[in-house]
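Undergrad: My file is data_36.pdb. It has PDB, C-alpha atoms:
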MODEL        1
ATOM      1  CA  MET C   8      80.525 102.605  99.478
ATOM      2  CA  LYS C   9      82.846 105.406 100.552
ATOM      3  CA  PHE C  10      83.947 108.538  98.705
ATOM      4  CA  SER C  11      87.357 110.175  98.494
ATOM      5  CA  VAL C  12      89.181 112.841  96.473
ATOM      6  CA  PHE C  13      92.415 112.435  94.520
ATOM      7  CA  THR C  14      94.583 115.438  95.348
ATOM      8  CA  ALA C  15      95.659 115.892  91.735
ATOM      9  CA  SER C  16      92.286 117.644  91.484
ATOM     10  CA  THR C  17      92.860 119.997  94.456
ATOM     11  CA  PRO C  18      95.928 121.929  93.259
ATOM     12  CA  GLU C  19      95.204 125.174  95.142
ATOM     13  CA  TRP C  20      95.218 123.602  98.610
ATOM     14  CA  GLU C  21      98.210 122.798 100.744
ATOM     15  CA  PRO C  22      97.915 119.304 102.270
ATOM     16  CA  GLU C  23      96.646 120.659 105.609
ATOM     17  CA  GLU C  24      94.035 122.749 103.796
ATOM     18  CA  ALA C  25      92.984 119.814 101.639
ATOM     19  CA  VAL C  26      92.231 117.469 104.519
ATOM     20  CA  GLN C  27      90.416 120.183 106.467
ATOM     21  CA  HIS C  28      88.175 121.141 103.536
ATOM     22  CA  LEU C  29      87.412 117.518 102.670
ATOM     23  CA  ALA C  30      86.689 116.605 106.275
ATOM     24  CA  ASP C  31      84.427 119.626 106.760
ATOM     25  CA  GLN C  32      82.495 118.752 103.602
ATOM     26  CA  GLY C  33      81.952 115.162 104.762
ATOM     27  CA  TRP C  34      84.245 113.139 102.519
ATOM     28  CA  ASP C  35      85.313 109.742 103.833
ATOM     29  CA  GLY C  36      88.858 109.707 102.552
ATOM     30  CA  VAL C  37      91.691 111.132 100.482
ATOM     31  CA  GLU C  38      93.965 109.718  97.794
ATOM     32  CA  TRP C  39      97.312 111.523  97.858
ATOM     33  CA  ARG C  40      99.137 112.322  94.635
ATOM     34  CA  ILE C  41     102.816 111.353  94.969
ATOM     35  CA  THR C  42     105.126 112.412  92.150
ATOM     36  CA  ASP C  43     107.836 114.879  91.255
ATOM     37  CA  GLN C  44     106.380 117.756  89.288
ATOM     38  CA  ALA C  45     107.441 120.917  87.505
ATOM     39  CA  ASP C  46     107.158 124.271  89.239
ATOM     40  CA  ALA C  47     104.498 126.704  88.022
ATOM     41  CA  ALA C  48     103.732 130.353  88.636
ATOM     42  CA  GLU C  49     100.136 129.378  89.432
ATOM     43  CA  PRO C  50      99.095 126.028  90.902
ATOM     44  CA  GLY C  51      97.761 123.616  88.307
ATOM     45  CA  PHE C  52      96.607 120.024  88.190
ATOM     46  CA  TRP C  53      99.897 118.717  86.766
ATOM     47  CA  ALA C  54     102.476 121.379  87.701
ATOM     48  CA  GLY C  55     102.773 123.431  90.860
ATOM     49  CA  ASN C  56     100.073 121.335  92.537
ATOM     50  CA  ARG C  57     100.255 122.229  96.240
ATOM     51  CA  ALA C  58      98.518 119.031  97.390
ATOM     52  CA  THR C  59     101.163 116.793  95.839
ATOM     53  CA  VAL C  60     103.762 114.889  97.873
ATOM     54  CA  PRO C  61     107.135 114.840  96.056
ATOM     55  CA  LEU C  62     108.517 111.442  95.128
ATOM     56  CA  THR C  63     112.037 112.689  95.818
ATOM     57  CA  GLY C  64     112.442 112.407  99.571
ATOM     58  CA  MET C  65     108.919 110.957  99.852
ATOM     59  CA  GLU C  66     109.818 108.920 102.910
ATOM     60  CA  ASP C  67     110.478 112.111 104.885
ATOM     61  CA  HIS C  68     106.883 113.269 104.275
ATOM     62  CA  LEU C  69     105.002 110.093 105.217
ATOM     63  CA  GLU C  70     104.714 110.759 108.937
ATOM     64  CA  ARG C  71     103.237 114.209 108.278
ATOM     65  CA  ILE C  72     100.780 112.867 105.681
ATOM     66  CA  ALA C  73      99.638 110.095 108.007
ATOM     67  CA  ALA C  74      99.214 112.538 110.878
ATOM     68  CA  ILE C  75      97.180 115.162 109.037
ATOM     69  CA  THR C  76      94.996 112.543 107.337
ATOM     70  CA  GLY C  77      94.212 110.779 110.587
ATOM     71  CA  SER C  78      93.706 113.961 112.611
ATOM     72  CA  ALA C  79      91.122 115.132 110.092
ATOM     73  CA  GLY C  80      89.225 111.869 110.548
ATOM     74  CA  LEU C  81      89.871 110.815 106.937
ATOM     75  CA  GLN C  82      90.925 107.410 105.638
ATOM     76  CA  PHE C  83      93.269 106.527 102.789
ATOM     77  CA  SER C  84      91.369 105.237  99.769
ATOM     78  CA  GLY C  85      94.756 104.414  98.267
ATOM     79  CA  ILE C  86      97.805 106.246  96.980
ATOM     80  CA  GLY C  87      97.878 107.970  93.589
ATOM     81  CA  GLY C  88     101.371 107.005  92.529
ATOM     82  CA  TYR C  89     103.103 107.579  89.201
ATOM     83  CA  ALA C  90     105.982 105.085  89.477
ATOM     84  CA  ARG C  91     106.094 103.259  86.152
ATOM     85  CA  CYS C  92     105.930  99.485  86.153
ATOM     86  CA  ASP C  93     109.395  99.133  84.602
ATOM     87  CA  ASN C  94     110.997 101.372  87.254
ATOM     88  CA  HIS C  95     111.331  98.662  89.886
ATOM     89  CA  ALA C  96     113.198 100.787  92.408
ATOM     90  CA  ASP C  97     110.496 103.468  92.601
ATOM     91  CA  VAL C  98     107.693 100.911  92.444
ATOM     92  CA  ASP C  99     109.145  99.138  95.475
ATOM     93  CA  ARG C 100     109.468 102.473  97.292
ATOM     94  CA  MET C 101     105.789 103.205  96.582
ATOM     95  CA  LEU C 102     104.712  99.767  97.785
ATOM     96  CA  ALA C 103     106.727 100.215 100.983
ATOM     97  CA  ALA C 104     105.266 103.707 101.535
ATOM     98  CA  THR C 105     101.740 102.385 101.037
ATOM     99  CA  ALA C 106     102.358  99.725 103.662
ATOM    100  CA  ARG C 107     103.856 102.273 106.053
ATOM    101  CA  LEU C 108     100.831 104.549 105.673
ATOM    102  CA  GLY C 109      98.360 101.681 105.979
ATOM    103  CA  ALA C 110      96.800 102.847 102.715
ATOM    104  CA  GLY C 111      96.302  99.341 101.339
ATOM    105  CA  GLN C 112      96.677 100.007  97.622
ATOM    106  CA  VAL C 113      98.709 102.146  95.228
ATOM    107  CA  ARG C 114      98.558 102.928  91.545
ATOM    108  CA  VAL C 115     101.468 101.759  89.399
ATOM    109  CA  THR C 116     101.423 103.286  85.929
ATOM    110  CA  THR C 117     101.676 101.275  82.743
ATOM    111  CA  LEU C 118     103.534 102.223  79.577
ATOM    112  CA  PRO C 119     102.384 105.107  77.370
ATOM    113  CA  LEU C 120     101.432 104.805  73.717
ATOM    114  CA  GLY C 121     101.272 108.559  73.109
ATOM    115  CA  THR C 122     102.307 111.856  74.655
ATOM    116  CA  ALA C 123      99.160 112.552  76.674
ATOM    117  CA  ALA C 124      99.162 109.679  79.125
ATOM    118  CA  TRP C 125     101.278 110.221  82.229
ATOM    119  CA  GLY C 126     102.498 113.816  82.416
ATOM    120  CA  ASN C 127     103.007 113.999  78.627
ATOM    121  CA  GLU C 128     105.593 111.230  78.803
ATOM    122  CA  PRO C 129     106.563 110.430  75.197
ATOM    123  CA  ALA C 130     105.913 107.049  73.661
ATOM    124  CA  SER C 131     108.959 104.809  73.282
ATOM    125  CA  GLY C 132     108.332 103.778  69.692
ATOM    126  CA  THR C 133     108.490 100.124  70.753
ATOM    127  CA  PRO C 134     105.749  97.980  69.137
ATOM    128  CA  TYR C 135     102.750  97.344  71.382
ATOM    129  CA  PRO C 136     103.268  93.560  71.719
ATOM    130  CA  GLU C 137     106.809  94.101  73.002
ATOM    131  CA  LEU C 138     105.693  96.786  75.470
ATOM    132  CA  PHE C 139     102.905  94.555  76.709
ATOM    133  CA  ALA C 140     105.108  91.496  77.149
ATOM    134  CA  GLY C 141     107.626  93.552  79.117
ATOM    135  CA  ALA C 142     104.914  95.011  81.334
ATOM    136  CA  ARG C 143     103.579  91.527  82.046
ATOM    137  CA  ARG C 144     107.013  90.509  83.278
ATOM    138  CA  ASP C 145     107.130  93.683  85.376
ATOM    139  CA  PHE C 146     103.774  92.918  86.991
ATOM    140  CA  GLU C 147     104.784  89.371  87.814
ATOM    141  CA  TRP C 148     107.616  90.944  89.829
ATOM    142  CA  ILE C 149     105.310  93.664  91.219
ATOM    143  CA  ALA C 150     102.787  91.090  92.438
ATOM    144  CA  GLU C 151     105.520  89.357  94.415
ATOM    145  CA  ARG C 152     106.738  92.634  95.919
ATOM    146  CA  ALA C 153     103.183  93.724  96.756
ATOM    147  CA  GLU C 154     102.674  90.433  98.587
ATOM    148  CA  HIS C 155     105.929  91.015 100.438
ATOM    149  CA  HIS C 156     104.731  94.454 101.587
ATOM    150  CA  GLY C 157     101.168  93.279 102.286
ATOM    151  CA  VAL C 158      99.558  95.742  99.861
ATOM    152  CA  LYS C 159      97.977  95.782  96.402
ATOM    153  CA  ALA C 160      99.370  97.361  93.200
ATOM    154  CA  LEU C 161      96.708  98.855  90.932
ATOM    155  CA  VAL C 162      96.619  99.279  87.151
ATOM    156  CA  GLU C 163      94.462 102.192  86.023
ATOM    157  CA  LEU C 164      92.455 102.014  82.817
ATOM    158  CA  HIS C 165      93.959 105.043  81.115
ATOM    159  CA  HIS C 166      93.759 106.364  77.580
ATOM    160  CA  ARG C 167      96.892 106.185  75.430
ATOM    161  CA  THR C 168      98.536 103.506  77.532
ATOM    162  CA  ILE C 169      98.835  99.759  77.033
ATOM    163  CA  THR C 170      95.875  99.274  79.429
ATOM    164  CA  ALA C 171      93.167 101.552  78.060
ATOM    165  CA  SER C 172      90.379  98.977  78.533
ATOM    166  CA  ALA C 173      89.216  96.370  80.995
ATOM    167  CA  SER C 174      90.051  93.678  78.443
ATOM    168  CA  SER C 175      93.660  94.825  78.095
ATOM    169  CA  ALA C 176      94.117  95.145  81.861
ATOM    170  CA  LEU C 177      92.785  91.622  82.365
ATOM    171  CA  ARG C 178      95.241  90.326  79.779
ATOM    172  CA  LEU C 179      98.039  92.020  81.700
ATOM    173  CA  LEU C 180      97.109  90.644  85.131
ATOM    174  CA  ASP C 181      95.369  87.365  84.360
ATOM    175  CA  GLY C 182      96.720  84.567  86.541
ATOM    176  CA  LEU C 183      98.353  86.884  89.087
ATOM    177  CA  ASP C 184      97.017  86.958  92.639
ATOM    178  CA  PRO C 185      94.107  89.474  92.864
ATOM    179  CA  ARG C 186      94.940  89.946  96.535
ATOM    180  CA  HIS C 187      98.063  91.809  95.420
ATOM    181  CA  VAL C 188      97.275  93.270  91.988
ATOM    182  CA  GLY C 189      94.075  94.857  90.746
ATOM    183  CA  VAL C 190      92.447  97.361  88.412
ATOM    184  CA  ILE C 191      91.188 100.915  88.789
ATOM    185  CA  HIS C 192      88.128 101.356  86.574
ATOM    186  CA  ASP C 193      87.802 104.993  85.489
ATOM    187  CA  LEU C 194      84.578 106.421  84.034
ATOM    188  CA  GLY C 195      86.162 109.520  82.476
ATOM    189  CA  ASN C 196      89.280 107.933  80.993
ATOM    190  CA  LEU C 197      87.186 105.327  79.192
ATOM    191  CA  LEU C 198      85.185 108.033  77.421
ATOM    192  CA  ILE C 199      88.419 108.985  75.692
ATOM    193  CA  GLU C 200      89.634 105.458  74.907
ATOM    194  CA  GLY C 201      88.813 101.911  75.940
ATOM    195  CA  GLN C 202      85.051 102.157  76.541
ATOM    196  CA  GLU C 203      83.278  98.847  77.155
ATOM    197  CA  ASP C 204      79.778  98.509  78.603
ATOM    198  CA  TYR C 205      80.069  98.943  82.346
ATOM    199  CA  LEU C 206      78.582  95.766  83.761
ATOM    200  CA  PRO C 207      80.247  93.360  81.301
ATOM    201  CA  ALA C 208      83.568  95.087  82.006
ATOM    202  CA  PHE C 209      83.114  94.686  85.761
ATOM    203  CA  GLU C 210      82.150  91.050  85.297
ATOM    204  CA  LEU C 211      85.161  90.489  83.068
ATOM    205  CA  LEU C 212      87.519  91.926  85.700
ATOM    206  CA  GLY C 213      85.878  90.000  88.519
ATOM    207  CA  ASP C 214      88.140  89.917  91.568
ATOM    208  CA  TYR C 215      90.613  92.218  89.829
ATOM    209  CA  LEU C 216      88.193  95.167  90.109
ATOM    210  CA  ALA C 217      89.790  96.790  93.136
ATOM    211  CA  HIS C 218      89.030 100.512  92.917
ATOM    212  CA  VAL C 219      86.924 103.071  91.037
ATOM    213  CA  HIS C 220      87.779 106.571  89.825
ATOM    214  CA  VAL C 221      85.050 108.952  88.705
ATOM    215  CA  LYS C 222      85.435 111.991  86.498
ATOM    216  CA  ASN C 223      83.686 113.040  83.286
ATOM    217  CA  ALA C 224      84.583 114.193  79.796
ATOM    218  CA  VAL C 225      83.140 115.412  76.495
ATOM    219  CA  TRP C 226      84.266 115.353  72.885
ATOM    220  CA  VAL C 227      84.021 118.708  71.082
ATOM    221  CA  ASN C 228      84.571 119.805  67.510
ATOM    222  CA  SER C 229      87.879 121.670  67.461
ATOM    223  CA  GLY C 230      86.918 123.679  64.391
ATOM    224  CA  GLU C 231      89.924 122.201  62.584
ATOM    225  CA  THR C 232      90.105 119.617  59.826
ATOM    226  CA  ASP C 233      92.621 116.925  59.000
ATOM    227  CA  GLU C 234      94.411 116.436  55.674
ATOM    228  CA  SER C 235      91.320 114.789  54.220
ATOM    229  CA  GLY C 236      89.073 117.695  55.162
ATOM    230  CA  ALA C 237      87.279 115.782  57.942
ATOM    231  CA  ALA C 238      86.410 117.425  61.257
ATOM    232  CA  VAL C 239      88.865 116.970  64.128
ATOM    233  CA  PHE C 240      87.408 116.373  67.588
ATOM    234  CA  ARG C 241      89.215 116.764  70.910
ATOM    235  CA  ASN C 242      88.358 115.607  74.399
ATOM    236  CA  GLU C 243      87.872 117.955  77.356
ATOM    237  CA  TRP C 244      87.202 117.284  81.032
ATOM    238  CA  ALA C 245      83.696 118.180  82.197
ATOM    239  CA  PRO C 246      81.769 118.431  85.497
ATOM    240  CA  LEU C 247      80.285 115.164  86.739
ATOM    241  CA  ARG C 248      76.754 116.301  85.918
ATOM    242  CA  SER C 249      77.402 117.521  82.367
ATOM    243  CA  GLY C 250      79.894 115.111  80.791
ATOM    244  CA  GLN C 251      79.012 112.400  78.299
ATOM    245  CA  GLY C 252      79.293 109.614  80.868
ATOM    246  CA  SER C 253      76.225 108.790  82.955
ATOM    247  CA  VAL C 254      77.288 108.556  86.588
ATOM    248  CA  LEU C 255      73.849 107.125  87.407
ATOM    249  CA  GLN C 256      74.169 104.274  84.899
ATOM    250  CA  TYR C 257      77.751 103.684  86.041
ATOM    251  CA  PHE C 258      76.606 103.381  89.652
ATOM    252  CA  LYS C 259      73.708 101.120  88.670
ATOM    253  CA  ALA C 260      76.211  98.793  87.012
ATOM    254  CA  LEU C 261      78.428  98.865  90.117
ATOM    255  CA  ALA C 262      75.373  97.996  92.219
ATOM    256  CA  ALA C 263      74.441  95.110  89.908
ATOM    257  CA  PHE C 264      77.997  93.792  90.121
ATOM    258  CA  GLY C 265      78.017  94.095  93.905
ATOM    259  CA  TYR C 266      80.857  96.616  94.224
ATOM    260  CA  ASP C 267      80.906  98.296  97.628
ATOM    261  CA  GLY C 268      84.416  99.755  97.764
ATOM    262  CA  TRP C 269      85.952 103.192  97.364
ATOM    263  CA  VAL C 270      84.934 105.704  94.718
ATOM    264  CA  THR C 271      87.588 108.381  94.257
ATOM    265  CA  VAL C 272      86.790 111.616  92.448
ATOM    266  CA  GLU C 273      89.368 113.369  90.290
ATOM    267  CA  ASP C 274      87.421 116.248  88.762
ATOM    268  CA  PHE C 275      89.572 118.292  86.381
ATOM    269  CA  SER C 276      86.792 120.647  85.304
ATOM    270  CA  THR C 277      87.012 124.266  86.415
ATOM    271  CA  ASP C 278      83.453 125.557  86.015
ATOM    272  CA  LEU C 279      83.134 126.018  89.795
ATOM    273  CA  PRO C 280      85.702 127.254  92.327
ATOM    274  CA  LEU C 281      87.521 124.372  93.985
ATOM    275  CA  ALA C 282      85.691 124.316  97.334
ATOM    276  CA  GLU C 283      82.282 124.575  95.640
ATOM    277  CA  ARG C 284      83.289 121.901  93.140
ATOM    278  CA  THR C 285      84.313 119.322  95.751
ATOM    279  CA  ALA C 286      81.261 119.999  97.935
ATOM    280  CA  ASP C 287      78.866 119.755  94.993
ATOM    281  CA  ASN C 288      80.528 116.556  93.770
ATOM    282  CA  LEU C 289      80.007 114.859  97.119
ATOM    283  CA  ASP C 290      76.338 115.849  97.274
ATOM    284  CA  TYR C 291      75.822 114.615  93.720
ATOM    285  CA  LEU C 292      77.656 111.337  94.267
ATOM    286  CA  ARG C 293      75.775 110.499  97.452
ATOM    287  CA  SER C 294      72.365 111.222  95.938
ATOM    288  CA  THR C 295      73.173 109.401  92.689
ATOM    289  CA  ALA C 296      74.570 106.361  94.502
ATOM    290  CA  ALA C 297      71.394 106.167  96.585
ATOM    291  CA  LEU C 298      69.287 106.337  93.397
ATOM    292  CA  ALA C 299      71.345 103.491  91.958
ATOM    293  CA  GLY C 300      70.661 101.292  94.971
ATOM    294  CA  LEU C 301      74.168 101.441  96.412
ATOM    295  CA  SER C 302      74.820 101.397 100.140
ATOM    296  CA  VAL C 303      75.740 104.960 101.093
ATOM    297  CA  PRO C 304      76.751 105.866 104.674
ATOM    298  CA  ALA C 305      75.013 108.819 106.235
ATOM    299  CA  GLY C 306      78.213 110.836 105.899
ATOM    300  CA  ARG C 307      80.530 112.538 108.324
ATOM    301  CA  ARG C 308      78.766 115.904 108.458
TER     302      ARG C 308
ENDMDL
END
Would you write out, as C-alpha cells, the structure that this file holds?
TA:
Amino acid sequence: MKFSVFTASTPEWEPEEAVQHLADQGWDGVEWRITDQADAAEPGFWAGNRATVPLTGMEDHLERIAAITGSAGLQFSGIGGYARCDNHADVDRMLAATARLGAGQVRVTTLPLGTAAWGNEPASGTPYPELFAGARRDFEWIAERAEHHGVKALVELHHRTITASASSALRLLDGLDPRHVGVIHDLGNLLIEGQEDYLPAFELLGDYLAHVHVKNAVWVNSGETDESGAAVFRNEWAPLRSGQGSVLQYFKALAAFGYDGWVTVEDFSTDLPLAERTADNLDYLRSTAALAGLSVPAGRR
C-alpha cells in the first residue's frame, strides 16, 4: 500500500512547495487537482487553491508537473480531474493528459443531484433515472476512450451525485471493462451519503475497486429546526483521528478484501496548520495500516 495527497487539500502551497513538503515528509505520491477555479483573496480548498493546475491550457502545464513530481521522487497516484462525464471533449483531454503524464488513472465526475457536489454545481432538475441512463451511455464511450489512451477512468463515490454508493457505481459500470473504468471508494464522502458496510461494498465492487480516498467527517446539530420543529443536522469535515469514520476498521476491511493499491488523503479539516496536518496524517495512516495488517513500505524518510 502506498500513500499520496490530493492537492485540493494543500491550497496554501504552490506546486513546487507541495511536492517538496510531501517528499520531505515521506509521502509516496501526489494526486494533482486539475480544474478551472474562481480567484480568492486567500487560498482555499475550492477557490484560489495554489496547488491546482488549471484545466484551461492544461496541456501547457503537463511537462512542468511531470518534472517537479519526478524530481521530488514522488509518483502519481492518479489525477484528480473534474471533467464531467457528459463533457466528452474535456473528458478526452483528461484521459490524454493522464496518459502523457503516465499517471494511470483519472477521476471523471458524475452528475450532481444537489448544489453541494462538484463545486456547488446546481442540479439539472432531470429525474434520476434519466440522468443515470445518460451517464451510462457516457461511460460506455469513456471506457472506449480510456482503452484508446491506455488509462483508466474513475468514478468517485460522492454524496449528492448519481453515484453516492458502491451499489450505484456498480450499476453504472457493470459490464464495462474494469481495466479501463473503476471506482474510487471514499471513507469521508460515504459518511454523508451512500454508506454501506466496508467489506461487503468492496466485495460488491470486486475488480472495479481501483482507488481509495480517505478523509473524515462528523454530523453536528446546527441549532436550527425545520418546519416541523425537528432538529437540523449538518455535516462537517473532521481530522482523520476524530471523525465518525473508523480508519482502522476501514483498513481492516481493505486488508480482508486484499486491496494493496493507493490510498490518497484529502483532509479538509483545519485544526492543524497544513504542514503539521499532512505530516501527522502520514504517521497516523502508516501506523493504522500496520495495525490493520496491511503491507506498509518503510517509507521514504
Undergrad: In Å, how far is it from CA of Ala73 in chain C to CA of His218 in chain C?
TA: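 So the answer is 20.8 Å.
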Undergrad: Please, which residues in range 108-213 of chain C fall within 7 Å of range 224-247 of chain C when counting all atoms listed in the file, and what is the closest atom pair and distance in Å to one decimal for each, ordered by chain then residue number, as CSV?
TA:
residue,atom,partner,partner_atom,distance
C:Gly195,CA,C:Ala224,CA,5.6
C:Leu198,CA,C:Ala224,CA,6.6
C:Ile199,CA,C:Asn242,CA,6.7
Undergrad: Would you kindly translate the PyMOL selection byres ((chain C and resi 57-69) around 10) into the concrete residues it picks from this file, as number ranges by chain?
TA: C: 13-26, 39-44, 49-56, 70-74, 87-90, 97, 100-101, 103-105, 107-108
Undergrad: Which one of C:Gln82, C:Asn94, C:Asn196, C:Gln256 sits closest to Ser172 in chain C if you count all atoms listed in the file?
TA: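 Using all atoms listed in the file, Ser172 in chain C sits closest to C:Asn196.
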Undergrad: In Å, with one decimal, what is the gap from CA of Leu177 in chain C to CA of His220 in chain C?
TA: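 Separation of CA of Leu177 in chain C and CA of His220 in chain C: 17.4 Å.
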Undergrad: Which residue is closest to Thr271 in chain C? Choose from C:Asp31, C:Asp193, C:Glu147, C:Asp184 and count only C-alpha atoms.
TA: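 Between C:Asp31, C:Asp193, C:Glu147, C:Asp184, the residue approaching Thr271 in chain C most closely is C:Asp193.
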Undergrad: Taking the file as I've supplied it (selection: the PyMOL selection byres ((chain C and resi 210-213) around 8)), which residues are included? Please answer as a ChimeraX atom specification.
TA: /C:173-174,177,190,206-209,214-216,264
Undergrad: What does the distance between CA of Leu102 in chain C and CA of Val158 in chain C come to in Å, to one decimal place?
TA: 6.9 Å
Undergrad: When the PyMOL selection byres ((chain C and resi 10) around 9) is applied to the structure above, which residues does it catch, written out as a PyMOL selection string?
TA: chain C and resi 8-9+11-12+34-37+84+268-272+289+292-293
